[in-house]
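**Q** The file below is my_file13.cif, mmCIF, C-alpha atoms:
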data_model
#
loop_
_atom_site.label_atom_id
_atom_site.label_comp_id
_atom_site.auth_asym_id
_atom_site.auth_seq_id
_atom_site.Cartn_x
_atom_site.Cartn_y
_atom_site.Cartn_z
CA MET A 25 30.62 -21.64 72.73
CA ARG A 26 27.15 -20.13 73.07
CA LYS A 27 28.64 -16.70 73.77
CA ARG A 28 30.67 -16.86 70.56
CA MET A 29 27.57 -17.76 68.55
CA PHE A 30 25.66 -14.75 69.96
CA ILE A 31 28.53 -12.46 69.08
CA THR A 32 28.59 -13.78 65.48
CA LEU A 33 24.84 -13.33 65.06
CA GLY A 34 25.07 -9.79 66.43
CA ILE A 35 27.74 -8.88 63.92
CA VAL A 36 25.65 -10.33 61.05
CA PHE A 37 22.55 -8.40 62.12
CA ALA A 38 24.60 -5.21 62.43
CA ILE A 39 25.93 -5.63 58.87
CA ILE A 40 22.44 -6.30 57.50
CA ALA A 41 21.04 -3.25 59.32
CA GLY A 42 23.85 -1.08 57.99
CA LEU A 43 23.28 -2.22 54.41
CA GLY A 44 19.54 -1.66 54.76
CA LEU A 45 20.10 1.88 56.04
CA VAL A 46 22.43 2.68 53.11
CA LYS A 47 19.92 1.31 50.58
CA TYR A 48 17.08 3.23 52.21
CA ARG A 49 19.00 6.49 51.88
CA GLN A 50 19.78 5.71 48.22
CA ILE A 51 16.08 5.16 47.50
CA GLN A 52 15.20 8.41 49.28
CA VAL A 53 17.70 10.30 47.12
CA ALA A 54 16.42 8.64 43.94
CA MET A 55 12.80 9.48 44.80
CA SER A 56 13.65 13.11 45.47
CA THR A 57 15.39 13.47 42.08
CA PRO A 58 12.97 13.66 39.06
CA TRP A 59 13.67 10.99 36.39
CA THR A 60 14.01 11.95 32.75
CA ALA A 61 14.19 9.52 29.85
CA PRO A 62 17.27 9.67 27.65
CA PRO A 63 16.74 11.45 24.32
CA GLU A 64 15.86 9.34 21.28
CA ALA A 65 18.33 9.37 18.40
CA VAL A 66 16.70 10.51 15.13
CA THR A 67 17.59 11.97 11.76
CA THR A 68 15.93 15.09 10.42
CA VAL A 69 15.34 16.98 7.20
CA VAL A 70 14.50 20.66 6.75
CA ALA A 71 11.22 21.07 4.86
CA LYS A 72 11.34 23.20 1.74
CA GLU A 73 9.04 23.93 -1.16
CA GLU A 74 9.83 22.18 -4.44
CA SER A 75 8.39 21.99 -7.92
CA TRP A 76 6.55 18.71 -8.22
CA VAL A 77 5.64 16.80 -11.35
CA ALA A 78 2.67 14.69 -10.38
CA SER A 79 2.87 11.14 -11.71
CA GLN A 80 1.02 7.90 -11.27
CA SER A 81 2.59 4.44 -11.43
CA ALA A 82 0.95 1.17 -12.39
CA ILE A 83 1.61 -2.24 -13.89
CA GLY A 84 0.49 -2.58 -17.50
CA THR A 85 0.14 -5.25 -20.15
CA CYS A 86 1.22 -4.85 -23.77
CA VAL A 87 -1.51 -5.52 -26.33
CA ALA A 88 -1.09 -5.59 -30.10
CA VAL A 89 -3.05 -3.00 -32.06
CA GLN A 90 -3.75 -5.83 -34.49
CA GLY A 91 -3.16 -9.42 -33.49
CA VAL A 92 -4.68 -12.73 -34.62
CA THR A 93 -3.95 -16.41 -34.79
CA LEU A 94 -4.39 -17.35 -38.43
CA SER A 95 -6.46 -20.46 -39.03
CA ALA A 96 -7.82 -22.53 -41.88
CA ASP A 97 -11.19 -21.30 -43.15
CA LEU A 98 -11.99 -24.59 -44.89
CA PRO A 99 -10.75 -28.13 -44.22
CA GLY A 100 -7.95 -29.45 -46.34
CA VAL A 101 -4.43 -30.87 -46.56
CA VAL A 102 -1.44 -28.53 -46.32
CA ALA A 103 0.17 -28.51 -49.76
CA GLU A 104 2.65 -25.63 -49.38
CA ILE A 105 4.15 -23.54 -46.54
CA THR A 106 5.82 -20.33 -47.67
CA PHE A 107 6.85 -18.72 -44.37
CA ASP A 108 9.34 -19.19 -41.54
CA SER A 109 8.55 -18.73 -37.85
CA GLY A 110 9.30 -15.27 -36.47
CA ARG A 111 9.55 -13.59 -39.88
CA TRP A 112 8.11 -10.18 -40.74
CA VAL A 113 5.48 -10.41 -43.52
CA LYS A 114 3.61 -7.89 -45.62
CA GLU A 115 -0.13 -7.57 -45.91
CA GLY A 116 -1.50 -10.00 -48.52
CA GLU A 117 1.58 -12.26 -48.56
CA VAL A 118 0.77 -15.97 -49.09
CA LEU A 119 1.59 -18.10 -46.04
CA VAL A 120 -0.04 -21.49 -46.60
CA ARG A 121 -1.75 -23.19 -49.52
CA LEU A 122 -4.09 -26.12 -48.99
CA ASP A 123 -4.55 -28.83 -51.60
CA THR A 124 -7.06 -27.58 -54.23
CA SER A 125 -6.65 -30.19 -56.96
CA GLN A 126 -10.30 -31.23 -56.73
CA GLU A 127 -11.55 -27.65 -56.73
CA VAL A 128 -9.32 -26.79 -59.72
CA ALA A 129 -10.88 -29.64 -61.72
CA GLN A 130 -14.35 -28.57 -60.70
CA LEU A 131 -13.52 -25.01 -61.65
CA ALA A 132 -12.41 -26.10 -65.13
CA ALA A 133 -15.72 -27.90 -65.64
CA ALA A 134 -17.67 -24.92 -64.34
CA GLU A 135 -15.78 -22.50 -66.62
CA ALA A 136 -16.46 -24.74 -69.63
CA GLN A 137 -20.14 -24.77 -68.72
CA SER A 138 -20.05 -21.01 -68.29
CA ASP A 139 -18.44 -20.56 -71.74
CA LEU A 140 -21.12 -22.76 -73.32
CA ALA A 141 -23.86 -20.82 -71.56
CA LYS A 142 -22.40 -17.53 -72.87
CA LEU A 143 -22.39 -18.87 -76.46
CA ASN A 144 -25.99 -20.02 -76.08
CA LEU A 145 -26.93 -16.59 -74.78
CA GLU A 146 -25.29 -14.89 -77.79
CA ARG A 147 -27.21 -17.18 -80.16
CA ALA A 148 -30.41 -16.50 -78.23
CA LYS A 149 -29.86 -12.75 -78.66
CA GLU A 150 -29.54 -13.16 -82.45
CA LEU A 151 -32.59 -15.41 -82.67
CA ARG A 152 -34.66 -13.06 -80.52
CA GLY A 153 -33.75 -10.19 -82.85
CA LYS A 154 -35.10 -12.26 -85.76
CA LYS A 155 -38.26 -13.13 -83.81
CA VAL A 156 -37.36 -16.83 -83.99
CA ILE A 157 -37.55 -17.53 -80.21
CA SER A 158 -39.78 -16.14 -77.53
CA GLU A 159 -38.77 -13.83 -74.73
CA ALA A 160 -39.19 -16.69 -72.24
CA GLU A 161 -36.58 -18.80 -74.07
CA PHE A 162 -34.20 -15.86 -74.15
CA ASP A 163 -34.68 -15.27 -70.41
CA ARG A 164 -33.97 -18.94 -69.77
CA ALA A 165 -30.69 -18.75 -71.71
CA ASP A 166 -29.74 -15.58 -69.82
CA ALA A 167 -30.42 -17.24 -66.45
CA GLU A 168 -28.40 -20.32 -67.43
CA ALA A 169 -25.43 -18.13 -68.37
CA LYS A 170 -25.56 -16.26 -65.05
CA THR A 171 -25.90 -19.53 -63.08
CA ALA A 172 -22.89 -21.06 -64.84
CA ALA A 173 -20.81 -17.92 -64.17
CA ALA A 174 -21.85 -17.98 -60.49
CA ASN A 175 -20.87 -21.66 -60.19
CA ALA A 176 -17.42 -20.88 -61.60
CA GLY A 177 -17.10 -17.95 -59.21
CA ALA A 178 -17.98 -20.18 -56.26
CA TYR A 179 -15.13 -22.58 -57.07
CA ARG A 180 -12.73 -19.64 -57.48
CA ALA A 181 -13.77 -18.41 -54.01
CA ILE A 182 -13.14 -21.86 -52.50
CA ILE A 183 -9.66 -21.95 -54.05
CA ALA A 184 -8.95 -18.44 -52.74
CA ARG A 185 -10.17 -19.38 -49.23
CA LYS A 186 -7.76 -22.33 -49.24
CA THR A 187 -4.90 -19.89 -49.81
CA ILE A 188 -4.09 -18.32 -46.39
CA ARG A 189 -2.65 -14.81 -46.66
CA ALA A 190 -1.44 -12.28 -44.08
CA PRO A 191 -4.39 -9.94 -43.35
CA PHE A 192 -1.98 -7.17 -42.26
CA SER A 193 1.76 -6.55 -41.95
CA GLY A 194 3.39 -7.85 -38.79
CA ILE A 195 5.61 -10.41 -37.09
CA LEU A 196 4.77 -14.10 -37.32
CA GLY A 197 4.94 -16.37 -34.30
CA ILE A 198 5.86 -20.06 -34.21
CA ARG A 199 4.45 -22.25 -36.98
CA GLN A 200 1.85 -24.76 -35.76
CA VAL A 201 1.32 -26.82 -38.95
CA ASN A 202 3.40 -29.17 -41.05
CA LEU A 203 3.45 -30.08 -44.72
CA GLY A 204 0.87 -32.77 -45.52
CA GLN A 205 -1.09 -32.20 -42.32
CA TYR A 206 -4.88 -32.29 -42.52
CA LEU A 207 -6.48 -29.13 -41.15
CA ALA A 208 -10.07 -28.90 -40.04
CA GLY A 209 -11.89 -25.59 -40.26
CA GLY A 210 -10.60 -23.29 -37.52
CA ASP A 211 -7.34 -25.14 -36.78
CA PRO A 212 -4.55 -22.65 -35.86
CA ILE A 213 -1.70 -22.08 -38.29
CA VAL A 214 0.49 -19.27 -36.89
CA PRO A 215 0.08 -16.15 -34.69
CA LEU A 216 0.48 -12.78 -36.40
CA GLN A 217 1.04 -9.57 -34.41
CA ALA A 218 1.46 -5.97 -35.55
CA LEU A 219 4.05 -4.53 -33.13
CA ASP A 220 4.34 -0.92 -34.29
CA PRO A 221 2.45 0.83 -32.86
CA ILE A 222 1.47 -1.15 -29.76
CA TYR A 223 -1.01 -0.61 -26.93
CA VAL A 224 -0.33 -0.81 -23.18
CA ASN A 225 -3.38 -1.32 -20.95
CA PHE A 226 -3.24 -0.50 -17.25
CA SER A 227 -5.62 0.44 -14.41
CA LEU A 228 -5.69 3.48 -12.12
CA PRO A 229 -7.94 4.45 -9.19
CA GLN A 230 -11.01 6.39 -10.26
CA GLN A 231 -9.99 9.47 -8.23
CA ASP A 232 -6.67 9.67 -10.10
CA VAL A 233 -8.21 9.26 -13.55
CA ALA A 234 -10.39 12.35 -13.05
CA ALA A 235 -7.34 14.62 -13.37
CA MET A 236 -6.06 12.94 -16.55
CA LYS A 237 -7.01 13.42 -20.17
CA VAL A 238 -6.41 11.87 -23.56
CA GLY A 239 -2.98 12.84 -24.85
CA ALA A 240 -1.19 12.78 -21.47
CA ASP A 241 2.42 11.55 -21.63
CA VAL A 242 3.14 7.99 -20.50
CA ASN A 243 6.48 6.22 -20.01
CA VAL A 244 6.99 2.47 -19.74
CA MET A 245 9.88 0.58 -18.19
CA ILE A 246 10.68 -3.09 -18.75
CA GLU A 247 11.74 -5.21 -15.78
CA GLY A 248 15.43 -6.02 -15.92
CA THR A 249 16.37 -3.00 -18.05
CA ASP A 250 17.46 0.53 -17.17
CA GLY A 251 15.69 3.70 -18.18
CA VAL A 252 12.53 4.33 -20.15
CA ALA A 253 11.84 1.71 -22.82
CA ALA A 254 9.25 3.76 -24.71
CA SER A 255 7.24 6.96 -24.43
CA GLY A 256 3.69 7.33 -25.63
CA LYS A 257 0.37 9.00 -24.93
CA ILE A 258 -2.98 8.03 -23.44
CA THR A 259 -5.43 7.25 -26.23
CA ALA A 260 -8.57 6.04 -24.40
CA PHE A 261 -10.28 5.48 -21.05
CA ASN A 262 -12.68 2.64 -20.44
CA SER A 263 -16.27 3.83 -20.10
CA LEU A 264 -16.85 1.47 -17.14
CA VAL A 265 -15.39 1.52 -13.63
CA ASP A 266 -14.58 -1.87 -12.14
CA ALA A 267 -17.21 -2.41 -9.42
CA GLU A 268 -14.85 -4.51 -7.26
CA THR A 269 -11.64 -2.47 -7.39
CA ARG A 270 -13.04 0.97 -8.34
CA ASN A 271 -10.30 1.22 -10.94
CA VAL A 272 -10.56 2.49 -14.50
CA GLU A 273 -8.74 0.77 -17.35
CA VAL A 274 -6.57 3.13 -19.39
CA GLN A 275 -5.05 2.50 -22.81
CA ALA A 276 -1.89 4.19 -24.10
CA SER A 277 -0.30 3.93 -27.53
CA PHE A 278 3.46 3.63 -28.17
CA ARG A 279 5.73 3.59 -31.19
CA ASN A 280 7.64 0.31 -31.17
CA PRO A 281 9.90 0.21 -34.25
CA GLU A 282 12.51 -2.03 -32.62
CA GLY A 283 9.96 -4.45 -31.19
CA LYS A 284 11.08 -4.04 -27.56
CA LEU A 285 7.47 -4.31 -26.40
CA ARG A 286 5.73 -7.61 -27.11
CA PRO A 287 2.05 -8.49 -26.68
CA GLY A 288 1.43 -10.02 -23.27
CA MET A 289 4.52 -8.43 -21.72
CA PHE A 290 4.22 -6.86 -18.25
CA VAL A 291 5.68 -3.35 -17.97
CA ARG A 292 5.90 -0.60 -15.34
CA VAL A 293 3.85 2.41 -16.41
CA GLN A 294 4.38 6.00 -15.29
CA VAL A 295 1.80 8.62 -16.24
CA VAL A 296 3.48 12.04 -16.27
CA GLY A 297 1.31 14.91 -15.01
CA SER A 298 1.72 18.67 -15.07
CA GLU A 299 4.33 20.45 -12.93
CA THR A 300 3.08 22.14 -9.77
CA GLY A 301 4.88 24.34 -7.24
CA GLY A 302 4.57 24.99 -3.53
CA VAL A 303 4.72 21.34 -2.49
CA ILE A 304 6.69 20.11 0.53
CA ALA A 305 8.56 16.94 -0.46
CA LEU A 306 9.54 14.67 2.45
CA PRO A 307 11.06 11.19 2.60
CA VAL A 308 8.47 8.44 2.87
CA SER A 309 10.23 7.29 6.07
CA ALA A 310 9.19 10.57 7.75
CA ILE A 311 5.48 9.73 7.59
CA ASN A 312 3.80 8.02 10.53
CA TYR A 313 0.92 6.17 8.84
CA ALA A 314 -2.06 5.42 11.06
CA PRO A 315 -5.76 4.61 10.59
CA TYR A 316 -6.79 7.81 12.35
CA GLY A 317 -4.58 10.01 10.16
CA ASP A 318 -1.06 10.42 8.81
CA SER A 319 1.36 12.58 10.76
CA VAL A 320 4.96 13.74 11.08
CA PHE A 321 7.10 14.78 14.05
CA ILE A 322 8.54 18.30 14.01
CA VAL A 323 11.65 19.05 16.08
CA GLU A 324 11.43 22.24 18.16
CA ASN A 325 12.22 23.65 21.61
CA VAL A 326 9.88 22.17 24.23
CA THR A 327 9.30 23.67 27.68
CA ALA A 328 9.34 21.13 30.55
CA PRO A 329 7.11 21.41 33.66
CA ASP A 330 10.12 22.81 35.59
CA SER A 331 10.37 25.64 33.01
CA THR A 332 13.52 24.18 31.43
CA THR A 333 13.70 23.83 27.65
CA TYR A 334 14.97 20.91 25.62
CA ARG A 335 14.92 19.66 22.03
CA GLY A 336 11.75 17.64 21.62
CA VAL A 337 9.11 16.76 19.03
CA ARG A 338 5.60 17.88 18.22
CA GLN A 339 3.24 15.55 16.35
CA GLN A 340 1.62 17.24 13.35
CA PHE A 341 -1.11 15.66 11.21
CA VAL A 342 -0.64 16.15 7.48
CA LYS A 343 -2.47 15.70 4.18
CA LEU A 344 -0.47 13.70 1.67
CA GLY A 345 -0.44 13.83 -2.11
CA ALA A 346 1.24 11.71 -4.75
CA SER A 347 4.58 9.98 -4.29
CA ARG A 348 7.65 9.70 -6.50
CA GLY A 349 10.66 7.55 -5.74
CA ASP A 350 11.61 7.95 -2.07
CA GLN A 351 9.53 11.11 -1.66
CA VAL A 352 5.91 11.93 -0.88
CA ALA A 353 4.18 15.28 -1.37
CA VAL A 354 2.80 16.96 1.77
CA LEU A 355 -0.07 19.21 0.75
CA SER A 356 -0.77 20.73 4.19
CA GLY A 357 0.42 20.53 7.79
CA VAL A 358 4.12 21.32 7.30
CA LYS A 359 5.67 24.71 6.58
CA ALA A 360 8.89 25.42 4.75
CA GLY A 361 11.84 25.72 7.12
CA GLU A 362 10.51 23.35 9.80
CA GLU A 363 12.80 20.52 10.90
CA VAL A 364 11.02 17.20 10.39
CA VAL A 365 12.09 13.82 11.75
CA SER A 366 13.01 11.63 8.77
CA SER A 367 13.68 8.32 10.54
CA GLY A 368 12.84 6.82 13.91
CA VAL A 369 9.22 8.06 13.98
CA PHE A 370 7.95 4.68 15.20
CA LYS A 371 9.54 5.22 18.65
CA LEU A 372 8.39 8.81 19.18
CA ARG A 373 5.46 10.39 20.98
CA PRO A 374 4.58 14.08 21.52
CA GLY A 375 7.05 15.86 23.80
CA VAL A 376 9.79 13.22 23.70
CA ALA A 377 13.35 14.55 23.85
CA VAL A 378 15.42 13.80 20.77
CA GLU A 379 19.05 13.93 19.76
CA VAL A 380 19.63 14.68 16.06
CA ASN A 381 22.31 12.63 14.33
CA ASN A 382 22.38 13.12 10.56
CA SER A 383 25.59 11.23 9.88
CA VAL A 384 23.50 8.56 8.12
CA THR A 385 20.15 9.64 6.65
CA PRO A 386 17.45 7.74 4.72
CA SER A 387 17.28 8.04 0.94
CA ASN A 388 15.40 11.08 -0.37
CA ASP A 389 15.80 10.64 -4.13
CA PRO A 390 12.84 11.40 -6.43
CA ALA A 391 14.17 8.87 -8.96
CA PRO A 392 16.11 6.17 -7.09
CA LYS A 393 18.00 3.41 -8.89
CA PRO A 394 18.60 0.55 -6.45
CA GLU A 395 21.59 -1.64 -7.14
CA ASP A 396 19.46 -4.78 -7.38
CA SER A 397 16.91 -3.28 -9.78
#
Show me the file's structure as structure tokens.
**A**
Amino acid sequence: MRKRMFITLGIVFAIIAGLGLVKYRQIQVAMSTPWTAPPEAVTTVVAKEESWVASQSAIGTCVAVQGVTLSADLPGVVAEITFDSGRWVKEGEVLVRLDTSQEVAQLAAAEAQSDLAKLNLERAKELRGKKVISEAEFDRADAEAKTAAANAGAYRAIIARKTIRAPFSGILGIRQVNLGQYLAGGDPIVPLQALDPIYVNFSLPQQDVAAMKVGADVNVMIEGTDGVAASGKITAFNSLVDAETRNVEVQASFRNPEGKLRPGMFVRVQVVGSETGGVIALPVSAINYAPYGDSVFIVENVTAPDSTTYRGVRQQFVKLGASRGDQVAVLSGVKAGEEVVSSGVFKLRPGVAVEVNNSVTPSNDPAPKPEDS
């Protein structure tokens, strides 16, 4: 029994020793063979010079060239409403009349007094010519006539101020008063906006504004619609730079005959610059953004320590310009004809072997139109 146990243990130890020897030899072979990482799969694009129209994008707000909320100048009761909400009105058109029955009566009395004062003045002129009255009496009659005329004029002005007219042509908003309602001085009646032309205000970084000038072309796009909604020109730059954002407010003017742009509406603004040549346009996905500098990876033949060559990458720092759509302008660092990695840059480092597979490449459209836009 004991002899059988020793034989079994000997066999087990022999098997373990044999396995250990095989594994040791495998490790020796692995250590003698240099290890190389598998190549990383990337997509590439060949750099080439393109004409580039520099443009700046921003979010703007539509502002009426003329826009007010009409209100009552004097207190009174609404006697007549002559407009409908949302209607286009001409300059000077009557919108609301307040009750002026008391002022009309007072005006009649003042006009009667003014007529009497004029008659007295005419009599005073005749009597002064005959040397019947003194100059002082004539001056008194003249002053009374002017005072009576001024009193009548004051009541006419009150009646006119209780007649609310459109100060300019435009589109009315929603009516905020009702017939018979008492209005205090300053109570709102209806908004009035002139929509053609219309302003769009937006902000741009101070370094970008330096290259722009009054008269530059500007396009605006409305969210939820395709294409350019309106084209206009820059009309003014704010004289102050925002101390917190270092942005400058810019104002552009647009024709708006159809009323597509409304005051308060948010729009996407694109300032169109001049065309420049000699710019390398690369997909945004090709740029490796980093605090210490932006860079790209260029595919080229790399020599290994054992003098063998393989397809690898070289990291190249670049200076970037403006962007448009899926593209960004590279001002320096990349030459035309170089093969640049367009996707997968996050997993690369200098000298890494790569395998190019361009069956599916990232978008490189200067004016993309996503399906969900």
**Q** Step by step, work through what the PyMOL selection byres ((chain A and resi 195) around 8) selects in the shown file, and finish by giving those residues as a list in words.
**A**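 Expected selection for the PyMOL selection byres ((chain A and resi 195) around 8) here is Gly110, Arg111, Trp112, Val113, Ser193, Gly194, Leu196, Gly197, Leu216, Gln217, Ala218 and Leu219 of chain A.
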**Q** Could you expand the PyMOL selection byres ((chain A and resi 69) around 10) into the explicit residues it covers here, written as an MDAnalysis selection string?
**A** chainID A and resid 67:68 70:72 306:307 310 322:323 361:367 382 385:386 388
**Q** With a distance cut-off of 10 Å and all atoms listed in the file, select the neighbouring residues of Lys149 (chain A), excluding the residue or stretch itself and same-chain residues fewer than 3 positions from it, and output the selection as a list of chain:residue names.
**A** A:Leu143, A:Asn144, A:Leu145, A:Glu146, A:Arg152, A:Gly153, A:Lys154, A:Lys155, A:Ile157, A:Glu159, A:Phe162, A:Asp163, A:Ala165, A:Asp166
**Q** Written as JSON, numbers by chain, which residues does the PyMOL selection byres ((chain A and resi 274) around 8) give for the file shown?
**A** {"A": [225, 226, 227, 228, 258, 260, 261, 262, 272, 273, 275, 276]}
**Q** Next, the residues of the selection above should be written as a PDB file, in the frame of the given file with C-alpha atoms.
**A**
ATOM      1  CA  ASN A 225      -3.380  -1.320 -20.950  1.00  0.00           C
ATOM      2  CA  PHE A 226      -3.240  -0.500 -17.250  1.00  0.00           C
ATOM      3  CA  SER A 227      -5.620   0.440 -14.410  1.00  0.00           C
ATOM      4  CA  LEU A 228      -5.690   3.480 -12.120  1.00  0.00           C
ATOM      5  CA  ILE A 258      -2.980   8.030 -23.440  1.00  0.00           C
ATOM      6  CA  ALA A 260      -8.570   6.040 -24.400  1.00  0.00           C
ATOM      7  CA  PHE A 261     -10.280   5.480 -21.050  1.00  0.00           C
ATOM      8  CA  ASN A 262     -12.680   2.640 -20.440  1.00  0.00           C
ATOM      9  CA  VAL A 272     -10.560   2.490 -14.500  1.00  0.00           C
ATOM     10  CA  GLU A 273      -8.740   0.770 -17.350  1.00  0.00           C
ATOM     11  CA  GLN A 275      -5.050   2.500 -22.810  1.00  0.00           C
ATOM     12  CA  ALA A 276      -1.890   4.190 -24.100  1.00  0.00           C
TER      13      ALA A 276
END
**Q** Need the neighbours of (-2.5, 11.8, 7.6): which residues are at most 9 Å away, counting only C-alpha atoms, as JSON, numbers by chain?
**A** {"A": [311, 312, 313, 314, 315, 316, 317, 318, 319, 320, 340, 341, 342, 343, 344]}
**Q** Between CA of Ile183 (chain A) and CA of Lys142 (chain A), what is the distance in Å, rounded to a tenth?
**A**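 So the answer is 23.2 Å.
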**Q** Using only C-alpha atoms, determine which residues lie at most 10 Å from Val376 (chain A), disregarding the query and same-chain residues fewer than 6 positions distant; provide the list as number ranges by chain.
**A** A: 61-64, 323, 326, 334-338
**Q** Output C-alpha atoms for every residue in that selection, as a short mmCIF file (atom, residue, chain, number, x, y, z; two decimals), keeping the file's coordinate frame.
**A**
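Once everything was written out, this is result20.cif:
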data_model
loop_
_atom_site.label_atom_id
_atom_site.label_comp_id
_atom_site.auth_asym_id
_atom_site.auth_seq_id
_atom_site.Cartn_x
_atom_site.Cartn_y
_atom_site.Cartn_z
CA ALA A 61 14.19 9.52 29.85
CA PRO A 62 17.27 9.67 27.65
CA PRO A 63 16.74 11.45 24.32
CA GLU A 64 15.86 9.34 21.28
CA VAL A 323 11.65 19.05 16.08
CA VAL A 326 9.88 22.17 24.23
CA TYR A 334 14.97 20.91 25.62
CA ARG A 335 14.92 19.66 22.03
CA GLY A 336 11.75 17.64 21.62
CA VAL A 337 9.11 16.76 19.03
CA ARG A 338 5.60 17.88 18.22
#
**Q** Hey, can you pull every residue with an atom no more than 8 Å from (5.4, 10.2, -23.6), using all atoms listed in the file, and send it as a VMD selection string?
**A** chain A and resid 240 to 243 254 to 257 296
**Q** If you measure from CA of Arg147 (chain A) to CA of Gln130 (chain A), what distance in Å do you get, rounded to one decimal?
**A**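 Separating CA of Arg147 (chain A) from CA of Gln130 (chain A) is a distance of 26.0 Å.
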**Q** Can you measure CA of Ala234 (chain A) to CA of Ala360 (chain A) for me? One decimal in Å is fine.
**A** 29.3 Å
**Q** Under the rule that only C-alpha atoms are counted, which of A:Ala190, A:Val293, A:Ala353, A:Ala346 is the nearest residue to Phe107 (chain A)?
**A**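 So, comparing all the options, the nearest one is A:Ala190.
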**Q** Please identify all polymer residues within 7 Å of region 135-137 of chain A, counting only C-alpha atoms, omitting same-chain residues fewer than 4 positions from it, and present them as a ChimeraX atom specification.
**A** /A:131,141,172,176
**Q** Nearest to Val352 (chain A) among A:Val369, A:Val380, A:Ile304, A:Ala129, with distances taken over only C-alpha atoms: which residue is it?
**A** A:Ile304
**Q** Which residues are close to Met245 (chain A), i.e. within 6 Å by all atoms listed in the file, leaving aside same-chain residues fewer than 3 positions away? Reply as a ChimeraX atom specification.
**A** /A:252-253,291-292
**Q** If I wrap all listed atoms of region 350-363 of chain A in a box with edges along x, y and z and add 5 Å on each side, what are its centre and edge lengths in Å to one decimal, as AutoDock Vina command-line options?
**A**
--center_x 6.0 --center_y 16.8 --center_z 4.4 --size_x 23.6 --size_y 27.8 --size_z 23.0
**Q** Could you add N, CA and C atoms to region 236-249 of chain A and give me the result as a PDB file, keeping the file's coordinate frame?
**A**
ATOM      1  N   MET A 236      -6.801  13.261 -15.337  1.00  0.00           N
ATOM      2  CA  MET A 236      -6.060  12.940 -16.550  1.00  0.00           C
ATOM      3  C   MET A 236      -6.934  13.156 -17.781  1.00  0.00           C
ATOM      4  N   LYS A 237      -6.288  13.220 -18.920  1.00  0.00           N
ATOM      5  CA  LYS A 237      -7.010  13.420 -20.170  1.00  0.00           C
ATOM      6  C   LYS A 237      -6.282  12.692 -21.298  1.00  0.00           C
ATOM      7  N   VAL A 238      -7.003  12.500 -22.384  1.00  0.00           N
ATOM      8  CA  VAL A 238      -6.410  11.870 -23.560  1.00  0.00           C
ATOM      9  C   VAL A 238      -5.281  12.746 -24.081  1.00  0.00           C
ATOM     10  N   GLY A 239      -4.153  12.125 -24.376  1.00  0.00           N
ATOM     11  CA  GLY A 239      -2.980  12.840 -24.850  1.00  0.00           C
ATOM     12  C   GLY A 239      -1.912  13.042 -23.800  1.00  0.00           C
ATOM     13  N   ALA A 240      -2.191  12.660 -22.532  1.00  0.00           N
ATOM     14  CA  ALA A 240      -1.190  12.780 -21.470  1.00  0.00           C
ATOM     15  C   ALA A 240      -0.003  11.865 -21.761  1.00  0.00           C
ATOM     16  N   ASP A 241       1.193  12.313 -21.380  1.00  0.00           N
ATOM     17  CA  ASP A 241       2.420  11.550 -21.630  1.00  0.00           C
ATOM     18  C   ASP A 241       2.503  10.344 -20.701  1.00  0.00           C
ATOM     19  N   VAL A 242       2.983   9.228 -21.250  1.00  0.00           N
ATOM     20  CA  VAL A 242       3.140   7.990 -20.500  1.00  0.00           C
ATOM     21  C   VAL A 242       4.487   7.375 -20.848  1.00  0.00           C
ATOM     22  N   ASN A 243       5.216   6.934 -19.824  1.00  0.00           N
ATOM     23  CA  ASN A 243       6.480   6.220 -20.010  1.00  0.00           C
ATOM     24  C   ASN A 243       6.319   4.783 -19.528  1.00  0.00           C
ATOM     25  N   VAL A 244       7.003   3.861 -20.185  1.00  0.00           N
ATOM     26  CA  VAL A 244       6.990   2.470 -19.740  1.00  0.00           C
ATOM     27  C   VAL A 244       8.417   1.999 -19.540  1.00  0.00           C
ATOM     28  N   MET A 245       8.597   1.189 -18.499  1.00  0.00           N
ATOM     29  CA  MET A 245       9.880   0.580 -18.190  1.00  0.00           C
ATOM     30  C   MET A 245       9.716  -0.930 -18.156  1.00  0.00           C
ATOM     31  N   ILE A 246      10.699  -1.630 -18.702  1.00  0.00           N
ATOM     32  CA  ILE A 246      10.680  -3.090 -18.750  1.00  0.00           C
ATOM     33  C   ILE A 246      11.520  -3.618 -17.599  1.00  0.00           C
ATOM     34  N   GLU A 247      10.991  -4.611 -16.888  1.00  0.00           N
ATOM     35  CA  GLU A 247      11.740  -5.210 -15.780  1.00  0.00           C
ATOM     36  C   GLU A 247      13.054  -5.783 -16.284  1.00  0.00           C
ATOM     37  N   GLY A 248      14.124  -5.498 -15.551  1.00  0.00           N
ATOM     38  CA  GLY A 248      15.430  -6.020 -15.920  1.00  0.00           C
ATOM     39  C   GLY A 248      16.229  -5.095 -16.817  1.00  0.00           C
ATOM     40  N   THR A 249      15.652  -3.957 -17.222  1.00  0.00           N
ATOM     41  CA  THR A 249      16.370  -3.000 -18.050  1.00  0.00           C
ATOM     42  C   THR A 249      16.378  -1.644 -17.363  1.00  0.00           C
TER      43      THR A 249
END
